[in-house]
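Written out below as structure tokens is the structure these notes cover.
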Amino acid sequence: MKIIHRVSFTPKIGQLETLREMSVRVEESSSSLVRLVTFDIEESNSAWPIVESLIKKWNMGDVVITNFTMSELKKANSLRMITNWHDGYPQPEDDFGYLSASFDLTEFCDKCGIGKYQNAPIRLAREPIWGKKHILQVHWLYDEFFVLPDVWKNVFKPLGVGCVPVVHHKTGIELKTVVQLDLDIIADSELQPLNDQPYEICTSCRRKKYLPISRGLFPSFVATPTNQIVKTREYFGSGASAWRSIIISSSLFQQITLHKLKGVKFMPCN
């Protein structure tokens with residue numbers, strides 16, 4: 001397991017030289033208006049303690065990424081499935097019209113994003129442009145996954161995971177190259193206590209959601225789910241975005257790996 005920080009900032013005079021003196025490799029993206037610098041650094045790097053202090057001092061952006069070895073992933077009894085590819089938006093996207101088009105909003109809070117329940121097919125503007133990918137998410141729907149029909153048939157269906165159709169927004173006709181995984185099963189068990197994980201309490205509905213977990217292992221359930229894929233009872237996110245994390249069994253992970261499916265990555269549960 002490697003903990004990596006992806007750092008970004010607009011440098012001032014002398015700051016790049018300071019980083020380079022510590023052998024930190026930076027990538028520059030310049031335009032007539034903005035000069036942006038990004039770099040990745042592992043916490044095992046001898047320069048990390050100094051860089052960590054500079055992140056705060058220079059007010060740099062810092063995104064934490066955890067990379068796992070295949071051995072670590074294979075040893076896990078359950079894993080969080082995370083997208084590494086988004087394609088498109090649910091429709092209609094103007095004024096977030098997709099919410100009323102595809103969801104029951106009786107318990108929905110537009111301030112924190114908690115409480116929508118899907119009651120109609122997701123509508124997309126077009127067929128996905130799959131390329132060499134097999135699994136995707138669309139923007140804004142971070143606890144739903146979409147796959148090629150053959151991928152569902154060969155990988156997910158044999159393990160009892162259903163699917164629902166996805167429709168073309170303008171015509172209402174079912175799309176041919178994509179189905180949505182039927183992920184309506186919420187875990188019976190809560191996650192192990194998240195005592196140290198920051199959270200927000202919505203000022204409107206007073207419901208809780210945790211900030212996304214990107215460092216280290218994902219917490220396991222108190223009781224192991226019997227289903228191959230479930231959503232957590234707990235919500236994650238920030239601001240007006242909220243989602244439940246998707247947890248899969250080691251059996252489903254093995255099948256995804258065996259079929260070399262692309263479009264997702266995994267975080268072992270502890």
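Each chain in the structure tokens gets a letter, A, B, ..., in the order shown, and its residues are numbered from 1; ligands are numbered from 1 in order too.
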Taking only residues of segment 16-117 of chain A that have an atom at most 7 Å from an atom of segment 5-11 of chain A, what is each one's shortest atom pair and its distance in Å to one decimal, using only C-alpha atoms, in chain and number order, as a tab-separated table?
residue	atom	partner	partner_atom	distance
A:Leu16	CA	A:Pro11	CA	6.7
A:Arg35	CA	A:Thr10	CA	5.7
A:Leu36	CA	A:Thr10	CA	4.8
A:Val37	CA	A:Phe9	CA	5.5
A:Thr38	CA	A:Ser8	CA	4.2
A:Phe39	CA	A:Val7	CA	5.4
A:Asp40	CA	A:Arg6	CA	4.5
A:Ile41	CA	A:His5	CA	5.3
A:Glu42	CA	A:His5	CA	6.3
A:Met60	CA	A:Phe9	CA	5.1
A:Gly61	CA	A:Ser8	CA	5.0
A:Asp62	CA	A:Val7	CA	4.7
A:Val63	CA	A:Arg6	CA	5.1
A:Val64	CA	A:His5	CA	4.7
A:Ile65	CA	A:His5	CA	6.1
Need to verify the contact set: Ser238 of chain A, 9 Å, only C-alpha atoms, exclusion of same-chain residues closer than 2 positions in sequence. Can you return it as number ranges by chain? A: 112-113, 199-200, 209-212, 236, 240-242
I want to know what sits within 6 Å of segment 87-95 of chain A, based on only C-alpha atoms, with residues of the same chain fewer than 6 positions away left out; could you give that as JSON, numbers by chain? {"A": [123, 124, 138, 139]}
Counting only C-alpha atoms, what is within 12 Å of Gly115 of chain A, bar same-chain residues fewer than 2 positions away, as a ChimeraX atom specification? /A:99,103-113,117-118,205-209,233-235,240-244
The selected residues should be written to file as a compact mmCIF listing (two decimals), in the first residue's frame (atoms: N, CA and C atoms).
# COMPACT_ATOMS: atom_id res chain seq x y z
N LEU A 99 -33.12 14.72 -11.65
CA LEU A 99 -33.57 14.27 -10.33
C LEU A 99 -35.05 13.92 -10.36
N PHE A 103 -35.97 9.98 -10.15
CA PHE A 103 -35.90 9.69 -8.71
C PHE A 103 -37.15 10.14 -7.97
N ASP A 104 -37.46 9.39 -6.92
CA ASP A 104 -38.45 9.80 -5.94
C ASP A 104 -37.74 10.75 -4.97
N LEU A 105 -38.24 11.98 -4.87
CA LEU A 105 -37.57 13.01 -4.08
C LEU A 105 -38.31 13.31 -2.78
N THR A 106 -39.16 12.39 -2.36
CA THR A 106 -39.95 12.62 -1.15
C THR A 106 -39.06 12.90 0.06
N GLU A 107 -37.95 12.17 0.17
CA GLU A 107 -37.05 12.32 1.32
C GLU A 107 -35.76 13.03 0.94
N PHE A 108 -35.72 13.64 -0.24
CA PHE A 108 -34.50 14.27 -0.75
C PHE A 108 -34.28 15.65 -0.14
N CYS A 109 -33.03 15.92 0.19
CA CYS A 109 -32.64 17.24 0.68
C CYS A 109 -31.71 17.88 -0.35
N ASP A 110 -32.12 18.98 -0.95
CA ASP A 110 -31.28 19.58 -1.99
C ASP A 110 -30.09 20.34 -1.42
N LYS A 111 -30.03 20.48 -0.11
CA LYS A 111 -28.88 21.15 0.49
C LYS A 111 -27.70 20.20 0.67
N CYS A 112 -27.97 18.94 1.04
CA CYS A 112 -26.89 17.98 1.28
C CYS A 112 -26.86 16.83 0.27
N GLY A 113 -27.96 16.62 -0.47
CA GLY A 113 -27.98 15.58 -1.48
C GLY A 113 -28.44 14.22 -1.01
N TYR A 117 -34.30 8.41 -4.24
CA TYR A 117 -34.44 6.99 -4.51
C TYR A 117 -34.90 6.81 -5.95
N GLN A 118 -34.16 6.04 -6.72
CA GLN A 118 -34.46 5.89 -8.13
C GLN A 118 -35.78 5.14 -8.33
N CYS A 205 -31.67 19.20 6.94
CA CYS A 205 -32.37 17.96 7.29
C CYS A 205 -31.77 17.26 8.51
N ARG A 206 -30.59 17.72 8.96
CA ARG A 206 -29.91 17.21 10.14
C ARG A 206 -29.38 15.78 9.97
N ARG A 207 -29.29 15.30 8.72
CA ARG A 207 -28.72 13.98 8.49
C ARG A 207 -27.21 14.07 8.33
N LYS A 208 -26.54 12.95 8.59
CA LYS A 208 -25.07 12.91 8.61
C LYS A 208 -24.52 12.29 7.34
N LYS A 209 -23.41 12.84 6.86
CA LYS A 209 -22.62 12.16 5.83
C LYS A 209 -21.15 12.38 6.14
N ARG A 233 -24.95 1.67 4.35
CA ARG A 233 -26.03 2.44 4.96
C ARG A 233 -25.60 3.90 5.11
N GLU A 234 -24.30 4.09 5.32
CA GLU A 234 -23.76 5.43 5.54
C GLU A 234 -23.63 6.20 4.23
N TYR A 235 -23.82 7.50 4.32
CA TYR A 235 -23.61 8.38 3.17
C TYR A 235 -22.23 9.03 3.26
N ALA A 240 -23.35 19.68 -1.59
CA ALA A 240 -24.66 19.18 -2.02
C ALA A 240 -24.59 17.79 -2.63
N SER A 241 -23.43 17.14 -2.56
CA SER A 241 -23.24 15.81 -3.15
C SER A 241 -23.21 14.75 -2.05
N ALA A 242 -23.99 13.68 -2.25
CA ALA A 242 -24.02 12.59 -1.28
C ALA A 242 -24.20 11.27 -2.00
N TRP A 243 -23.51 10.25 -1.53
CA TRP A 243 -23.64 8.92 -2.13
C TRP A 243 -23.32 7.86 -1.09
N ARG A 244 -23.77 6.65 -1.36
CA ARG A 244 -23.41 5.49 -0.56
C ARG A 244 -22.26 4.76 -1.26
Distance of atom CA of Met70 of chain A from atom CA of Val24 of chain A, expressed in Å to one decimal place: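 So the two atoms, atom CA of Val24 of chain A and atom CA of Met70 of chain A, lie 27.2 Å apart.
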Distance atom CA of Leu252 of chain A-atom CA of Ile122 of chain A, one decimal place?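 Computed distance, atom CA of Leu252 of chain A to atom CA of Ile122 of chain A, equals 24.3 Å.
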Return as a Markdown table the residues of segment 164-260 of chain A lying at most 12 Å from segment 128-134 of chain A, together with the closest atom-to-atom pair for each and the distance in Å to one decimal, counting only C-alpha atoms, with rows in chain order and ascending residue number.
| residue | atom | partner | partner_atom | distance |
| --- | --- | --- | --- | --- |
| A:Val166 | CA | A:Pro128 | CA | 10.8 |
| A:Val167 | CA | A:Pro128 | CA | 11.6 |
| A:His168 | CA | A:Pro128 | CA | 10.8 |
| A:Leu175 | CA | A:Pro128 | CA | 9.3 |
| A:Lys176 | CA | A:Pro128 | CA | 9.9 |
| A:Thr177 | CA | A:Pro128 | CA | 7.3 |
| A:Val178 | CA | A:Pro128 | CA | 7.2 |
| A:Val179 | CA | A:Pro128 | CA | 10.5 |
| A:Ile256 | CA | A:His134 | CA | 10.0 |
| A:Thr257 | CA | A:His134 | CA | 11.9 |
| A:His259 | CA | A:His134 | CA | 10.0 |
| A:Lys260 | CA | A:His134 | CA | 9.1 |
Please report the interatomic distance between atom CA of Phe266 of chain A and atom CA of Gly216 of chain A in Å with one decimal. 11.5 Å
As a ChimeraX atom specification, please: every residue in segment 50-176 of chain A that DSSP puts in helix (DSSP H, G or I). /A:50-57,70-75,94-96,98-102,149-159
DSSP-assigned strand (DSSP E) members of segment 2-155 of chain A, reported as an MDAnalysis selection string: chainID A and resid 2:9 27:30 35:42 61:67 78:83 103:104 117:118 123:124 135:136 146:147
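Across A:Ser245, A:Arg20, A:Pro121, A:Asn45, the tightest approach to Glu190 of chain A is made by A:Ser245 when counting only C-alpha atoms.
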